Amino acid sequence: MKKSINHDKLIISIRNLKKAFGDLEVLRGVDLDVYQGENLVVLGRSGTGKSVLIKIISGLLTADEGSVKVLGQEVGELSPRELAELRLKIGFSFQNSALYDSMTVRENLEFPLVRNVRNLSRADINREVEEALEDVGLAHTINQMPSELSGGQRKRIGIARTLILKPEIMLYDEPTAGLDPITSGEINNLINQVQVQHNTTSIIITHDLTCAKSTGDRIAMLLDGQFQRQGSFAEVFDSQDERVKSFYDYNFIDG
Ligand SMILES: Nc1ncnc2c1ncn2[C@@H]1O[C@H](COP(=O)(O)OP(=O)(O)OP(=O)(O)O)[C@@H](O)[C@H]1O
């Protein structure tokens, strides 16, 4: 299967988005378009507002100013019920999207299904859980407890739990944080596989340039509250801007 990015279909479209917390102006006029089937990587130093951005996209925080359209809907204008419906189409893989330690892998995956999808038979639930686990290559862990799994496996189960609701959009917040290079590589491959297999549109927030390079169809760099640079990995980093260069140097020095 090949990925297919549809540049005629905007899934996320943001114009002049502003967000401050008291005197702290975090987002100062963000513009961003993400197309159907695309993996967009957001890079930026700590505290530049990357997490705030995805919280606004998913309606967990409200914008002060600007337009944020997701799947054609202006997020800030949705009723609580419409927002809940939209959120079901968005899968979150957060830094600490912990599994429930007291539940088996199977129970962890059943949880979002039973909570959000009505009228599923036992056979439907079993099938969905098995398929989601197969997608992430961990069918054999179905009866294990999270504590018996490696960090990378837990991360993949977390992604499977998100995929089980068949989201149109995936938001990954630092998917490879804390993982060794080989496990990070597996997660990068999984992100690419999800894109191809489910035709999802994804935003991937990361500090990991290997992750950015291997998953991003496009990179957007958040600097001083705006996306100063957008393009392919090479286009973004082929820059004389000292702030871009220092980000790159910092990453490589740090490993
Ligand atoms: N609910 C909030 N109330 C007040 N300040 C907040 C809130 N959420 C975020 N901030 C502030 O906004 C700034 C941006 O935070 P954010 O978490 O988006 O950074 P980030 O770019 O994701 O950083 P990191 O890479 O470290 O995760 C920070 O200074 C943070 O303290």
# chains A, B, ... in the order shown; residues from 1 in each chain; ligands from 1
>>> residues_near_ligand(ligand="ligand 1", cutoff="6 Å", atoms="only C-alpha atoms and all ligand atoms", output="number ranges by chain")
A: 21, 26, 45-52
>>> residues_around(residues="Ser150 of chain A", least_positions_apart="5", cutoff="10 Å", atoms="only C-alpha atoms", output="JSON, numbers by chain")
{"A": [155, 156, 179, 183]}
>>> write_last_selection(atoms="N, CA and C atoms", output="mmCIF file, in the first residue's frame")
data_model
loop_
_atom_site.group_PDB
_atom_site.id
_atom_site.type_symbol
_atom_site.label_atom_id
_atom_site.label_comp_id
_atom_site.auth_asym_id
_atom_site.auth_seq_id
_atom_site.Cartn_x
_atom_site.Cartn_y
_atom_site.Cartn_z
ATOM 1 N N LYS A 155 3.843 1.681 24.447
ATOM 2 C CA LYS A 155 3.534 2.799 23.543
ATOM 3 C C LYS A 155 2.695 2.298 22.361
ATOM 4 N N ARG A 156 3.081 1.146 21.809
ATOM 5 C CA ARG A 156 2.342 0.610 20.659
ATOM 6 C C ARG A 156 0.927 0.194 21.056
ATOM 7 N N LEU A 179 12.425 6.684 24.617
ATOM 8 C CA LEU A 179 12.653 5.353 24.027
ATOM 9 C C LEU A 179 14.050 5.284 23.404
ATOM 10 N N THR A 183 13.840 1.183 19.417
ATOM 11 C CA THR A 183 12.403 1.230 19.710
ATOM 12 C C THR A 183 11.772 2.477 19.081
#
>>> atom_distance(atom1="atom CA of Gln195 of chain A", atom2="atom CA of Asp180 of chain A")
22.7 Å
>>> residues_around(residues="Val41 of chain A", least_positions_apart="5", cutoff="7 Å", atoms="only C-alpha atoms", output="ChimeraX atom specification")
/A:203-205,212,216,218-220
>>> residues_around(residues="segment 76-79 of chain A", least_positions_apart="6", cutoff="8 Å", atoms="only C-alpha atoms", output="MDAnalysis selection string")
chainID A and resid 59 62:63 68
>>> closest_residue(among="A:Gly44, A:Gly158, A:Gly37, A:Pro146", to="Gln226 of chain A", atoms="only C-alpha atoms")
A:Gly44
>>> select_by_dssp(residues="segment 95-191 of chain A", states="helix (DSSP H, G or I)", output="PyMOL selection string")
chain A and resi 105-116+122-135+139-141+146-148+151-163+181-191
>>> residues_around(residues="Leu60 of chain A", least_positions_apart="3", cutoff="12 Å", atoms="only C-alpha atoms", output="list in words")
Ser51, Val52, Leu53, Ile54, Lys55, Ile56, Ile57, Ala63, Val75, Gly76, Pro80, Leu83, Ala84, Leu86, Arg87 and Phe92 of chain A
>>> closest_residue(among="A:Leu209, A:Leu88, A:Ile191, A:Leu32", to="Arg229 of chain A", atoms="only C-alpha atoms")
A:Leu32
>>> residues_around(residues="Lys213 of chain A", least_positions_apart="5", cutoff="12 Å", atoms="only C-alpha atoms", output="list of chain:residue names")
A:Asn39, A:Leu40, A:Val41, A:Val42, A:Leu43, A:Gly185, A:Asn188, A:Asn189, A:Asn192, A:Ile204, A:Thr206, A:His207, A:Asp208, A:Arg218, A:Ile219, A:Ala220, A:Gly231, A:Ser232, A:Phe233, A:Ala234, A:Glu235, A:Val236, A:Phe237
>>> write_last_selection(atoms="N, CA and C atoms", output="CSV table (one decimal), in the first residue's frame")
chain,number,residue,atom,x,y,z
A,39,ASN,N,1.3,13.5,7.1
A,39,ASN,CA,1.9,13.6,8.4
A,39,ASN,C,2.6,14.9,8.5
A,40,LEU,N,2.2,15.8,9.4
A,40,LEU,CA,2.8,17.0,9.6
A,40,LEU,C,3.6,17.0,10.9
A,41,VAL,N,4.9,17.3,10.9
A,41,VAL,CA,5.6,17.3,12.1
A,41,VAL,C,5.8,18.7,12.6
A,42,VAL,N,5.5,19.0,13.9
A,42,VAL,CA,5.7,20.3,14.5
A,42,VAL,C,7.0,20.2,15.4
A,43,LEU,N,7.9,21.0,15.1
A,43,LEU,CA,9.1,21.1,15.9
A,43,LEU,C,9.2,22.5,16.6
A,185,GLY,N,12.7,3.8,16.4
A,185,GLY,CA,12.5,3.5,15.0
A,185,GLY,C,11.3,2.7,14.7
A,188,ASN,N,8.4,5.0,14.8
A,188,ASN,CA,8.3,5.8,13.6
A,188,ASN,C,7.7,5.0,12.5
A,189,ASN,N,8.1,3.8,12.4
A,189,ASN,CA,7.6,2.9,11.3
A,189,ASN,C,6.1,2.7,11.5
A,192,ASN,N,4.1,5.7,10.3
A,192,ASN,CA,4.0,5.7,8.9
A,192,ASN,C,3.0,4.6,8.4
A,204,ILE,N,2.4,15.4,14.4
A,204,ILE,CA,3.4,14.7,15.2
A,204,ILE,C,4.3,15.8,15.9
A,206,THR,N,7.4,16.6,18.1
A,206,THR,CA,8.6,15.9,18.6
A,206,THR,C,9.8,16.8,18.7
A,207,HIS,N,10.7,16.4,19.5
A,207,HIS,CA,12.1,17.0,19.6
A,207,HIS,C,13.1,16.1,18.9
A,208,ASP,N,12.6,15.0,18.4
A,208,ASP,CA,13.5,14.0,17.9
A,208,ASP,C,13.6,14.1,16.4
A,218,ARG,N,5.9,16.8,5.9
A,218,ARG,CA,6.2,18.3,6.0
A,218,ARG,C,6.5,18.6,7.4
A,219,ILE,N,7.4,19.6,7.6
A,219,ILE,CA,7.9,20.0,8.9
A,219,ILE,C,7.5,21.4,9.1
A,220,ALA,N,6.9,21.7,10.3
A,220,ALA,CA,6.6,23.1,10.6
A,220,ALA,C,7.3,23.5,11.9
A,231,GLY,N,8.1,23.2,5.4
A,231,GLY,CA,8.5,22.6,4.2
A,231,GLY,C,9.0,21.2,4.5
A,232,SER,N,9.8,20.6,3.5
A,232,SER,CA,10.4,19.3,3.7
A,232,SER,C,11.5,19.5,4.8
A,233,PHE,N,12.0,18.4,5.3
A,233,PHE,CA,13.0,18.4,6.3
A,233,PHE,C,14.2,19.3,5.8
A,234,ALA,N,14.6,19.0,4.6
A,234,ALA,CA,15.8,19.7,4.0
A,234,ALA,C,15.5,21.2,3.9
A,235,GLU,N,14.3,21.5,3.4
A,235,GLU,CA,13.9,22.9,3.2
A,235,GLU,C,14.0,23.7,4.6
A,236,VAL,N,13.4,23.1,5.6
A,236,VAL,CA,13.4,23.7,6.9
A,236,VAL,C,14.8,23.9,7.5
A,237,PHE,N,15.6,22.9,7.3
A,237,PHE,CA,16.9,23.0,8.0
A,237,PHE,C,18.0,23.6,7.1
>>> atom_distance(atom1="atom CA of Arg122 of chain A", atom2="atom CA of Ile142 of chain A")
15.7 Å
>>> residues_around(residues="Met103 of chain A", least_positions_apart="6", cutoff="12 Å", atoms="only C-alpha atoms", output="list in words")
Leu109, Glu110, Phe111, Ile142, Asn143, Gln144, Met145, Pro146, Ser147 and Glu148 of chain A
